[in-house]
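query-v2.csv follows; it contains CSV, C-alpha atoms.
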```
chain,number,residue,atom,x,y,z
A,1,MET,CA,40.8,43.2,36.2
A,2,ALA,CA,37.1,43.1,37.2
A,3,THR,CA,35.6,39.8,38.2
A,4,ARG,CA,32.4,38.5,36.6
A,5,ALA,CA,30.4,39.5,39.7
A,6,GLN,CA,31.8,43.0,39.7
A,7,THR,CA,31.0,43.5,36.0
A,8,ALA,CA,27.5,42.1,36.5
A,9,MET,CA,26.8,44.3,39.5
A,10,GLY,CA,27.9,47.4,37.6
A,11,GLU,CA,25.5,46.5,34.7
A,12,LEU,CA,22.7,45.9,37.2
A,13,LEU,CA,23.0,49.4,38.8
A,14,ALA,CA,23.4,51.1,35.4
A,15,ALA,CA,20.1,49.5,34.3
A,16,LYS,CA,17.9,50.1,37.3
A,17,GLU,CA,16.3,53.2,38.8
A,18,MET,CA,15.6,51.8,42.3
A,19,VAL,CA,17.8,49.6,44.5
A,20,VAL,CA,16.4,48.3,47.8
A,21,VAL,CA,19.2,47.2,50.1
A,22,CYS,CA,17.8,44.8,52.7
A,23,GLY,CA,18.8,42.0,55.1
A,24,SER,CA,18.9,41.3,58.8
A,25,GLY,CA,20.3,43.8,61.3
A,26,GLY,CA,24.1,44.0,61.9
A,27,THR,CA,25.1,42.9,58.4
A,28,GLY,CA,26.4,46.3,57.2
A,29,LYS,CA,23.4,47.4,55.1
A,30,THR,CA,23.9,51.1,55.7
A,31,THR,CA,27.6,51.2,54.9
A,32,MET,CA,27.0,48.9,51.8
A,33,ALA,CA,24.3,51.1,50.5
A,34,ALA,CA,26.5,54.2,50.8
A,35,ALA,CA,29.4,52.3,49.2
A,36,LEU,CA,27.2,51.3,46.2
A,37,GLY,CA,26.0,54.9,45.9
A,38,ALA,CA,29.5,56.4,46.1
A,39,ARG,CA,30.9,53.9,43.5
A,40,ALA,CA,27.9,54.5,41.2
A,41,ALA,CA,28.3,58.2,41.4
A,42,ALA,CA,32.0,57.9,40.6
A,43,ARG,CA,31.4,55.6,37.6
A,44,PHE,CA,28.1,56.6,36.1
A,45,GLY,CA,26.7,60.0,35.0
A,46,GLY,CA,23.5,61.4,36.5
A,47,ARG,CA,22.3,61.9,40.0
A,48,VAL,CA,22.5,59.1,42.6
A,49,LEU,CA,20.6,59.4,45.9
A,50,VAL,CA,21.3,57.2,49.0
A,51,LEU,CA,18.4,57.3,51.4
A,52,THR,CA,19.6,55.8,54.6
A,53,VAL,CA,18.0,54.9,57.9
A,54,ASP,CA,19.5,56.3,61.1
A,55,PRO,CA,23.1,56.2,59.9
A,56,ALA,CA,26.0,56.1,62.3
A,57,ARG,CA,27.6,59.5,63.0
A,58,ARG,CA,30.9,58.3,61.5
A,59,LEU,CA,29.1,57.5,58.2
A,60,ALA,CA,27.6,61.0,58.0
A,61,THR,CA,31.1,62.4,58.7
A,62,ALA,CA,32.5,60.1,56.0
A,63,LEU,CA,30.2,61.6,53.5
A,64,GLY,CA,31.3,65.1,54.3
A,65,VAL,CA,27.8,66.5,54.8
A,66,GLY,CA,27.6,66.8,58.6
A,67,ALA,CA,24.3,65.8,60.1
A,68,LEU,CA,21.8,64.1,57.8
A,69,GLY,CA,18.1,64.9,57.7
A,70,ASN,CA,14.9,64.3,55.7
A,71,THR,CA,16.0,66.8,53.0
A,72,GLU,CA,18.5,65.5,50.4
A,73,VAL,CA,22.0,67.1,50.5
A,74,ARG,CA,24.8,66.7,47.9
A,75,VAL,CA,28.1,65.1,48.8
A,76,PRO,CA,30.7,67.6,47.7
A,77,ASP,CA,32.8,66.6,44.7
A,78,ALA,CA,35.8,67.6,46.8
A,79,ALA,CA,35.2,64.5,49.0
A,80,PHE,CA,35.7,62.4,45.8
A,81,THR,CA,38.7,64.3,44.5
A,82,ALA,CA,40.4,64.0,47.9
A,83,ALA,CA,40.3,60.2,47.3
A,84,GLY,CA,41.8,60.7,43.9
A,85,VAL,CA,38.5,60.2,42.0
A,86,GLN,CA,36.7,62.6,39.7
A,87,PRO,CA,33.0,61.6,39.9
A,88,HIS,CA,31.1,61.3,36.6
A,89,GLY,CA,27.8,61.9,38.4
A,90,GLU,CA,26.4,63.5,41.6
A,91,MET,CA,25.9,61.7,45.0
A,92,TRP,CA,23.1,62.9,47.2
A,93,VAL,CA,22.2,61.6,50.6
A,94,ALA,CA,19.3,61.9,53.1
A,95,MET,CA,18.2,60.2,56.3
A,96,LEU,CA,14.7,58.7,56.7
A,97,ASP,CA,12.8,60.9,59.3
A,98,THR,CA,9.7,59.1,60.4
A,99,LYS,CA,8.0,62.2,61.9
A,100,ALA,CA,8.8,64.4,58.9
A,101,GLY,CA,7.5,61.6,56.7
A,102,TRP,CA,4.2,61.3,58.4
A,103,ASP,CA,3.8,65.1,58.4
A,104,GLU,CA,4.4,65.1,54.6
A,105,LEU,CA,1.9,62.3,54.1
A,106,VAL,CA,-0.8,64.2,56.0
A,107,ARG,CA,-0.1,67.4,54.0
A,108,ARG,CA,-0.3,65.4,50.7
A,109,HIS,CA,-3.4,63.3,51.5
A,110,ALA,CA,-5.6,65.7,53.5
A,111,PRO,CA,-8.5,66.7,51.3
A,112,ASP,CA,-8.4,70.3,52.5
A,113,ALA,CA,-6.2,72.7,54.6
A,114,LYS,CA,-8.6,72.6,57.6
A,115,LEU,CA,-8.5,68.9,58.0
A,116,ARG,CA,-4.7,68.9,57.5
A,117,GLU,CA,-4.2,71.4,60.4
A,118,GLN,CA,-6.7,69.5,62.6
A,119,VAL,CA,-4.7,66.3,62.2
A,120,LEU,CA,-1.3,67.9,62.7
A,121,ALA,CA,-2.6,69.7,65.8
A,122,ASN,CA,-4.3,66.7,67.3
A,123,PRO,CA,-2.7,65.9,70.7
A,124,LEU,CA,-2.5,62.2,69.9
A,125,TYR,CA,-1.0,62.6,66.4
A,126,LYS,CA,2.7,62.6,67.3
A,127,ASN,CA,2.3,59.9,69.9
A,128,ILE,CA,0.3,57.5,67.7
A,129,THR,CA,2.3,57.9,64.5
A,130,SER,CA,5.6,57.5,66.4
A,131,ARG,CA,4.3,54.2,67.9
A,132,PHE,CA,2.4,53.0,64.8
A,133,VAL,CA,3.4,49.4,64.3
A,134,HIS,CA,6.0,49.3,61.5
A,135,SER,CA,5.5,53.0,60.7
A,136,HIS,CA,9.2,53.3,59.8
A,137,ASP,CA,8.8,50.5,57.2
A,138,TYR,CA,5.8,52.2,55.6
A,139,ILE,CA,7.4,55.7,55.6
A,140,ALA,CA,10.5,54.1,53.9
A,141,MET,CA,8.4,52.7,51.1
A,142,GLU,CA,6.3,55.9,50.8
A,143,ARG,CA,9.5,58.0,50.6
A,144,LEU,CA,10.9,55.6,47.9
A,145,GLN,CA,7.7,56.1,45.8
A,146,GLU,CA,7.8,59.9,46.3
A,147,LEU,CA,11.4,60.1,45.2
A,148,HIS,CA,10.8,57.8,42.2
A,149,ALA,CA,7.8,59.8,41.1
A,150,SER,CA,9.7,63.1,41.4
A,151,GLY,CA,12.1,62.1,38.6
A,152,ARG,CA,14.9,64.1,40.4
A,153,TYR,CA,17.3,61.2,40.5
A,154,ASP,CA,18.5,58.7,38.0
A,155,LEU,CA,19.3,56.1,40.7
A,156,VAL,CA,17.8,55.8,44.2
A,157,ILE,CA,19.4,53.4,46.7
A,158,ILE,CA,17.5,52.9,49.9
A,159,ASP,CA,19.0,51.4,53.0
A,160,THR,CA,16.0,49.7,54.6
A,161,PRO,CA,15.0,49.9,58.3
A,162,PRO,CA,16.5,47.4,60.7
A,163,SER,CA,14.0,44.7,61.5
A,164,ARG,CA,13.8,41.3,63.2
A,165,ASN,CA,11.9,40.3,60.1
A,166,ALA,CA,13.1,41.8,56.8
A,167,LEU,CA,9.7,41.1,55.3
A,168,ASP,CA,8.1,43.8,57.4
A,169,LEU,CA,9.3,46.3,54.8
A,170,LEU,CA,7.7,44.5,51.9
A,171,ASP,CA,4.4,44.0,53.8
A,172,ALA,CA,4.1,47.7,54.9
A,173,PRO,CA,1.9,48.9,52.0
A,174,SER,CA,-0.6,46.0,52.3
A,175,ARG,CA,-0.8,46.5,56.1
A,176,MET,CA,-1.7,50.2,55.6
A,177,LYS,CA,-4.5,49.1,53.2
A,178,GLU,CA,-5.7,46.5,55.7
A,179,PHE,CA,-5.7,49.1,58.5
A,180,PHE,CA,-8.1,51.4,56.8
A,181,GLY,CA,-10.5,48.5,56.2
A,182,SER,CA,-10.1,47.0,59.7
A,183,ARG,CA,-12.7,46.4,62.4
A,184,LEU,CA,-10.5,48.4,64.8
A,185,LEU,CA,-10.7,51.6,62.8
A,186,ARG,CA,-14.5,51.1,62.4
A,187,TRP,CA,-14.9,50.5,66.2
A,188,LEU,CA,-12.9,53.6,67.0
A,189,THR,CA,-14.8,55.8,64.8
A,190,VAL,CA,-18.4,54.5,65.0
A,191,PRO,CA,-19.3,56.0,68.4
A,192,TYR,CA,-18.8,59.5,67.1
A,193,ARG,CA,-20.5,58.9,63.8
A,194,SER,CA,-23.6,57.5,65.4
A,195,ARG,CA,-25.6,59.9,67.6
A,196,ILE,CA,-27.7,57.0,69.0
A,197,PHE,CA,-24.5,55.0,69.9
A,198,THR,CA,-23.0,58.1,71.5
A,199,VAL,CA,-26.1,58.7,73.7
A,200,ALA,CA,-26.3,55.1,74.7
A,201,SER,CA,-22.7,54.9,75.6
A,202,LYS,CA,-22.5,58.3,77.3
A,203,PRO,CA,-22.2,56.8,80.9
A,204,PHE,CA,-19.3,54.6,79.8
A,205,TYR,CA,-17.4,57.6,78.3
A,206,GLN,CA,-18.0,59.7,81.4
A,207,VAL,CA,-16.5,57.0,83.6
A,208,ALA,CA,-13.6,56.5,81.1
A,209,ASP,CA,-12.9,60.2,81.1
A,210,ARG,CA,-12.7,60.2,84.9
A,211,ILE,CA,-10.2,57.4,84.9
A,212,LEU,CA,-8.2,58.3,81.8
A,213,GLY,CA,-8.5,62.0,81.7
A,214,SER,CA,-10.9,64.5,80.2
A,215,ARG,CA,-11.9,63.7,76.5
A,216,PHE,CA,-9.3,60.9,76.3
A,217,LEU,CA,-11.5,58.5,74.3
A,218,GLN,CA,-13.1,61.3,72.4
A,219,ASP,CA,-9.7,62.6,71.3
A,220,ILE,CA,-8.8,59.1,70.1
A,221,ALA,CA,-12.0,58.8,68.1
A,222,GLU,CA,-11.8,62.3,66.7
A,223,PHE,CA,-8.2,61.6,65.6
A,224,PHE,CA,-9.1,58.4,63.7
A,225,ILE,CA,-12.1,60.1,62.1
A,226,LEU,CA,-9.8,62.7,60.7
A,227,PHE,CA,-7.3,60.0,59.8
A,228,ARG,CA,-9.9,58.0,58.0
A,229,ALA,CA,-10.9,61.0,55.9
A,230,MET,CA,-7.5,60.6,54.2
A,231,GLU,CA,-8.1,57.0,53.4
A,232,PRO,CA,-8.4,57.3,49.6
A,233,GLY,CA,-5.0,59.0,49.3
A,234,PHE,CA,-3.3,56.5,51.6
A,235,VAL,CA,-4.7,53.5,49.9
A,236,ALA,CA,-4.0,54.7,46.4
A,237,ARG,CA,-0.4,55.5,47.4
A,238,ALA,CA,0.0,52.1,49.0
A,239,LYS,CA,-1.0,50.4,45.8
A,240,GLU,CA,1.5,52.5,43.9
A,241,VAL,CA,4.2,51.4,46.2
A,242,GLU,CA,3.2,47.8,45.7
A,243,ARG,CA,3.5,48.2,42.0
A,244,LEU,CA,6.9,49.8,42.3
A,245,LEU,CA,8.2,46.9,44.3
A,246,VAL,CA,7.5,44.5,41.4
A,247,ASP,CA,8.5,46.9,38.7
A,248,GLN,CA,11.4,45.8,36.5
A,249,ARG,CA,13.0,49.2,37.1
A,250,THR,CA,13.4,48.2,40.7
A,251,THR,CA,15.9,45.6,42.1
A,252,PHE,CA,16.6,44.2,45.5
A,253,VAL,CA,20.1,43.6,46.9
A,254,VAL,CA,20.3,41.4,50.0
A,255,VAL,CA,23.3,42.0,52.3
A,256,THR,CA,24.4,39.3,54.7
A,257,THR,CA,27.4,38.0,56.5
A,258,LEU,CA,28.4,34.3,56.4
A,259,GLU,CA,27.4,33.7,60.0
A,260,ALA,CA,24.7,31.1,60.5
A,261,ALA,CA,21.7,33.3,61.5
A,262,PRO,CA,22.2,36.2,58.9
A,263,ALA,CA,22.9,33.7,56.1
A,264,HIS,CA,19.8,31.7,57.0
A,265,GLU,CA,17.7,35.0,57.0
A,266,ALA,CA,19.2,36.0,53.6
A,267,GLY,CA,18.2,32.7,52.0
A,268,PHE,CA,14.7,33.0,53.4
A,269,LEU,CA,14.4,36.6,52.2
A,270,ALA,CA,15.5,35.6,48.7
A,271,ASP,CA,12.9,32.8,48.6
A,272,GLU,CA,10.2,35.3,49.7
A,273,LEU,CA,11.2,37.9,47.1
A,274,ARG,CA,10.9,35.3,44.4
A,275,ARG,CA,7.5,34.1,45.7
A,276,ARG,CA,6.2,37.7,45.7
A,277,HIS,CA,7.6,38.3,42.1
A,278,MET,CA,9.9,41.0,43.4
A,279,PRO,CA,13.1,41.2,41.4
A,280,LEU,CA,16.2,40.0,43.4
A,281,GLY,CA,19.2,41.4,41.6
A,282,ALA,CA,22.1,40.5,43.8
A,283,LEU,CA,23.4,39.1,47.0
A,284,ILE,CA,26.3,40.7,48.8
A,285,LEU,CA,28.4,38.7,51.2
A,286,ASN,CA,29.9,41.1,53.7
A,287,ARG,CA,33.0,40.7,55.9
A,288,THR,CA,34.2,37.6,54.2
A,289,MET,CA,37.5,36.0,55.0
A,290,PRO,CA,40.4,36.3,52.5
A,291,ALA,CA,40.2,33.7,49.7
A,292,ALA,CA,43.7,32.4,50.6
A,293,ILE,CA,42.5,31.2,54.0
A,294,ARG,CA,39.6,29.3,52.4
A,295,GLN,CA,42.0,27.1,50.3
A,296,PRO,CA,42.8,23.5,51.4
A,297,ALA,CA,46.4,24.5,51.4
A,298,ALA,CA,45.7,26.8,54.4
A,299,ASN,CA,44.6,23.9,56.5
A,300,LYS,CA,47.6,21.9,55.4
A,301,SER,CA,49.9,24.8,56.3
A,302,ALA,CA,48.5,25.0,59.8
A,303,GLY,CA,49.3,21.3,60.3
A,304,GLU,CA,52.8,21.7,59.1
A,305,LEU,CA,53.4,24.7,61.4
A,306,ARG,CA,52.3,22.6,64.3
A,307,THR,CA,54.8,19.9,63.2
A,308,VAL,CA,57.6,22.6,63.0
A,309,ALA,CA,56.7,23.8,66.5
A,310,GLY,CA,57.4,20.3,67.8
A,311,SER,CA,60.9,20.1,66.4
A,312,ALA,CA,63.6,20.9,68.9
A,313,LYS,CA,66.1,21.7,66.2
A,314,VAL,CA,63.9,24.2,64.5
A,315,ARG,CA,62.9,25.8,67.8
A,316,LYS,CA,66.6,26.3,68.6
A,317,GLN,CA,67.5,27.7,65.2
A,318,LEU,CA,64.6,30.2,65.3
A,319,GLY,CA,65.4,31.1,68.9
A,320,THR,CA,68.9,32.0,68.0
A,321,LEU,CA,67.6,34.0,65.0
A,322,VAL,CA,65.1,36.1,67.0
A,323,GLY,CA,66.8,36.1,70.4
A,324,ALA,CA,64.4,33.9,72.3
A,325,THR,CA,64.6,30.6,74.1
A,326,PRO,CA,63.5,27.4,72.2
A,327,ASP,CA,60.5,27.0,74.6
A,328,GLU,CA,59.3,30.5,73.9
A,329,VAL,CA,59.6,29.9,70.1
A,330,GLY,CA,57.7,26.6,70.5
A,331,ASP,CA,54.9,28.3,72.5
A,332,VAL,CA,54.5,31.0,69.9
A,333,LEU,CA,54.5,28.6,66.9
A,334,THR,CA,52.0,26.3,68.6
A,335,GLU,CA,49.7,29.2,69.4
A,336,VAL,CA,49.9,30.6,65.9
A,337,ALA,CA,49.2,27.1,64.4
A,338,GLU,CA,46.2,26.6,66.6
A,339,ARG,CA,44.7,30.0,65.8
A,340,PHE,CA,45.4,29.5,62.1
A,341,TYR,CA,43.7,26.1,62.2
A,342,ASP,CA,40.7,27.5,64.0
A,343,THR,CA,40.4,30.2,61.4
A,344,SER,CA,40.6,27.7,58.6
A,345,VAL,CA,37.7,25.7,60.2
A,346,VAL,CA,35.6,28.9,60.2
A,347,ALA,CA,36.6,29.5,56.6
A,348,ALA,CA,35.5,26.0,55.7
A,349,ARG,CA,32.1,26.7,57.2
A,350,GLU,CA,31.8,30.0,55.4
A,351,ALA,CA,32.7,28.2,52.1
A,352,GLU,CA,29.7,25.8,52.6
A,353,ARG,CA,27.3,28.7,53.3
A,354,ARG,CA,28.7,30.5,50.3
A,355,ARG,CA,27.9,27.5,48.1
A,356,GLU,CA,24.4,27.4,49.4
A,357,LEU,CA,23.7,31.2,49.0
A,358,ALA,CA,25.2,31.2,45.5
A,359,LYS,CA,22.1,29.4,44.3
A,360,VAL,CA,19.6,32.0,45.4
A,361,ALA,CA,20.7,35.1,43.4
A,362,PRO,CA,21.9,35.8,39.8
A,363,ILE,CA,24.8,37.9,41.2
A,364,VAL,CA,26.8,37.1,44.3
A,365,ALA,CA,29.4,39.8,45.2
A,366,GLU,CA,31.8,39.7,48.1
A,367,ALA,CA,33.3,42.4,50.4
A,368,PRO,CA,36.0,41.5,52.9
A,369,THR,CA,36.4,42.7,56.4
A,370,MET,CA,38.0,46.1,55.9
A,371,ARG,CA,41.3,46.7,57.7
A,372,ASP,CA,40.3,50.1,59.0
A,373,ASP,CA,37.0,51.8,59.8
A,374,ILE,CA,35.5,53.7,57.0
A,375,HIS,CA,35.9,57.4,57.8
A,376,ASP,CA,35.7,59.1,54.4
A,377,VAL,CA,34.4,58.8,50.9
A,378,GLY,CA,37.7,57.2,49.9
A,379,GLY,CA,36.9,54.3,52.3
A,380,LEU,CA,33.4,53.9,50.8
A,381,LEU,CA,34.9,53.9,47.3
A,382,ALA,CA,37.5,51.3,48.3
A,383,LEU,CA,34.7,49.1,49.7
A,384,GLY,CA,32.6,49.8,46.6
A,385,GLN,CA,35.5,48.5,44.3
A,386,PHE,CA,35.0,45.0,45.7
A,387,LEU,CA,31.3,45.2,44.5
A,388,LEU,CA,31.4,46.9,41.1
```
Kindly transcribe the structure held in the file into structure tokens.
Amino acid sequence: MATRAQTAMGELLAAKEMVVVCGSGGTGKTTMAAALGARAAARFGGRVLVLTVDPARRLATALGVGALGNTEVRVPDAAFTAAGVQPHGEMWVAMLDTKAGWDELVRRHAPDAKLREQVLANPLYKNITSRFVHSHDYIAMERLQELHASGRYDLVIIDTPPSRNALDLLDAPSRMKEFFGSRLLRWLTVPYRSRIFTVASKPFYQVADRILGSRFLQDIAEFFILFRAMEPGFVARAKEVERLLVDQRTTFVVVTTLEAAPAHEAGFLADELRRRHMPLGALILNRTMPAAIRQPAANKSAGELRTVAGSAKVRKQLGTLVGATPDEVGDVLTEVAERFYDTSVVAAREAERRRELAKVAPIVAEAPTMRDDIHDVGGLLALGQFLL
């Protein structure tokens, strides 16, 4: 029977068009996004796309699609039927490709073919865009908007880029707008828009060229002049992305473990989403301990096991039963009791963090540590069953 959280999570995904899966690094965002997508495709009709960021090779293999790229590919129905599930919808997957994303942006926003080819052919273009601060975050949001506007998918789930600060993703559109209005961009482009300034600064550029290489500074300036010609398109698209992030058709799902640092980051991110009026739909607690270990009875059992280990009579009886000496039996029982007690202490700490995090989101779902690595769609569906 489904739990309240599982039912609520199913209703959430059925009602939304965009799901942004975020959280600190190492919490299992990519696998969780794929599990949500697989489960949604199995349960709901329509087309579900999971846009992931640099997925592990084993995950691409699990999806049955080989290498992932910027172009969406369909997960074959056979991957579902092999797991004993007949999907009601289609699951599609793609990997965020920063370079391909920038190329597509240039093609879309360049006012004419000549400018487009000049930017793409500029020797600094590849180097600058690949090192552009938070460019991965901006491309992720740009791709999300493009897919939403296309209408090709009923549900898009995006696995956000790993980041030391999960808010980088949310700030990417506003940073792009700020960049086009920044003093840096004006400083880089003024020398080649002003003939007077160019003549006055000619000796400086001649020296710079001798040190940095021929036309180095001129190449930089020319690139940013070309880049700035695309400002209207970039700024307009950034505003569209910002509107999409607060749209009621979009929801955010924060993934965390119950370790101290990720749990703290999850709480902070949830508070920031509320402050920015971005709809937080659910919190997923990943790799949680079994519920039985969290019970007070577990701690009590550990103490009783330690008492049993100290009984010479019990050690002798068990030793006879398993063919070991009483001392060997005592050592094993003591070690098991200590490890069990340590685990129950960790579980108690998890329980406290769970209570704190339960206050920050309308839905709190849990996924345990899976016994085996996920190596096929069946594994993703099994994980997804804990969520919806």
Checklist line | Among the residues A:Ala38, A:Ala292, A:Leu283, A:Leu170, the one that comes closest to A:Ala263 [using all atoms listed in the file] | finding: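 Looking only at the distances to A:Ala263, the closest residue turns out to be A:Leu283.
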Notebook entry, point to check: Between A:Thr334, A:Gln295, A:Ser174, A:Thr369, which one has atoms that come closest to A:Phe386, using all atoms listed in the file?
Noted result: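 Ranking A:Thr334, A:Gln295, A:Ser174, A:Thr369 by distance to A:Phe386, first place goes to A:Thr369.
Taking only C-alpha atoms into account, A:Ile158 lies nearest to A:Val20 out of the set A:Ala40, A:Val253, A:Val53, A:Val20.
Of the listed residues (A:Pro173, A:Gly26, A:Gly10, A:Pro279), A:Pro173 comes nearest to A:Glu242; the distances count all atoms listed in the file.
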Notebook entry, point to check: Which one of A:Pro262, A:Arg143, A:Asp247, A:Gly310 sits closest to A:Leu280 if you count all atoms listed in the file?
Noted result: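 Among the listed residues, A:Asp247 lies closest to A:Leu280.
Between atom CA of A:Ala309 and atom CA of A:Val329 lies a distance of 7.7 Å.
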Next item on the list: Write out as a VMD selection string each polymer residue whose atoms come within 9 Å of A:Thr98, counting all atoms listed in the file; drop sequence neighbours fewer than 3 positions from it.
Entry: chain A and resid 70 101 to 103 129 to 130 135 to 136 139 to 140
Next item on the list: Could you tell me how far atom CA of A:Leu273 lies from atom CA of A:Ala361, in Å and to one decimal?
Entry: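 Spanning atom CA of A:Leu273 to atom CA of A:Ala361 is a straight-line distance of 10.6 Å.
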Margin query: Give me, as JSON, numbers by chain, all polymer residues having an atom no more than 6 Å from stretch 374-378 of chain A, counting all atoms listed in the file and skipping those fewer than 5 positions away in the same chain.
Written below: {"A": [62, 63, 83]}
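The smallest atom-to-atom distance between A:Ala67 and any of A:Ser311, A:Leu387, A:Ala94, A:Tyr138, using only C-alpha atoms, is found for A:Ala94.
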Checklist line | Atomic distance atom CA of A:Ala302 - atom CA of A:Val346, expressed in Å with one decimal | finding: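 We find that atom CA of A:Ala302 and atom CA of A:Val346 lie 13.5 Å from each other.
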Margin query: Taking 3 positions as the minimum chain separation for residues in the same chain, which residues sit within 6 Å of stretch 107-120 of chain A when counting all atoms listed in the file? Answer as a ChimeraX atom specification.
Written below: /A:104,230,233
Next item on the list: Write out as a list in words the residues lying within 10 Å of A:Tyr153, counting only C-alpha atoms and excluding same-chain residues fewer than 6 positions away.
Entry: Glu17, Met18, Gly46, Arg47, Val48, Leu49, Glu90, Met91, Trp92 and Leu147 of chain A
Note to self: as a list in words, please: the residues near A:Arg371 (cut-off 12 Å, all atoms listed in the file, same-chain neighbours under 5 positions excluded).
What the structure shows: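 The contact residues come out as Arg287, Met289, Pro290, Gly379, Ala382 and Leu383 of chain A.
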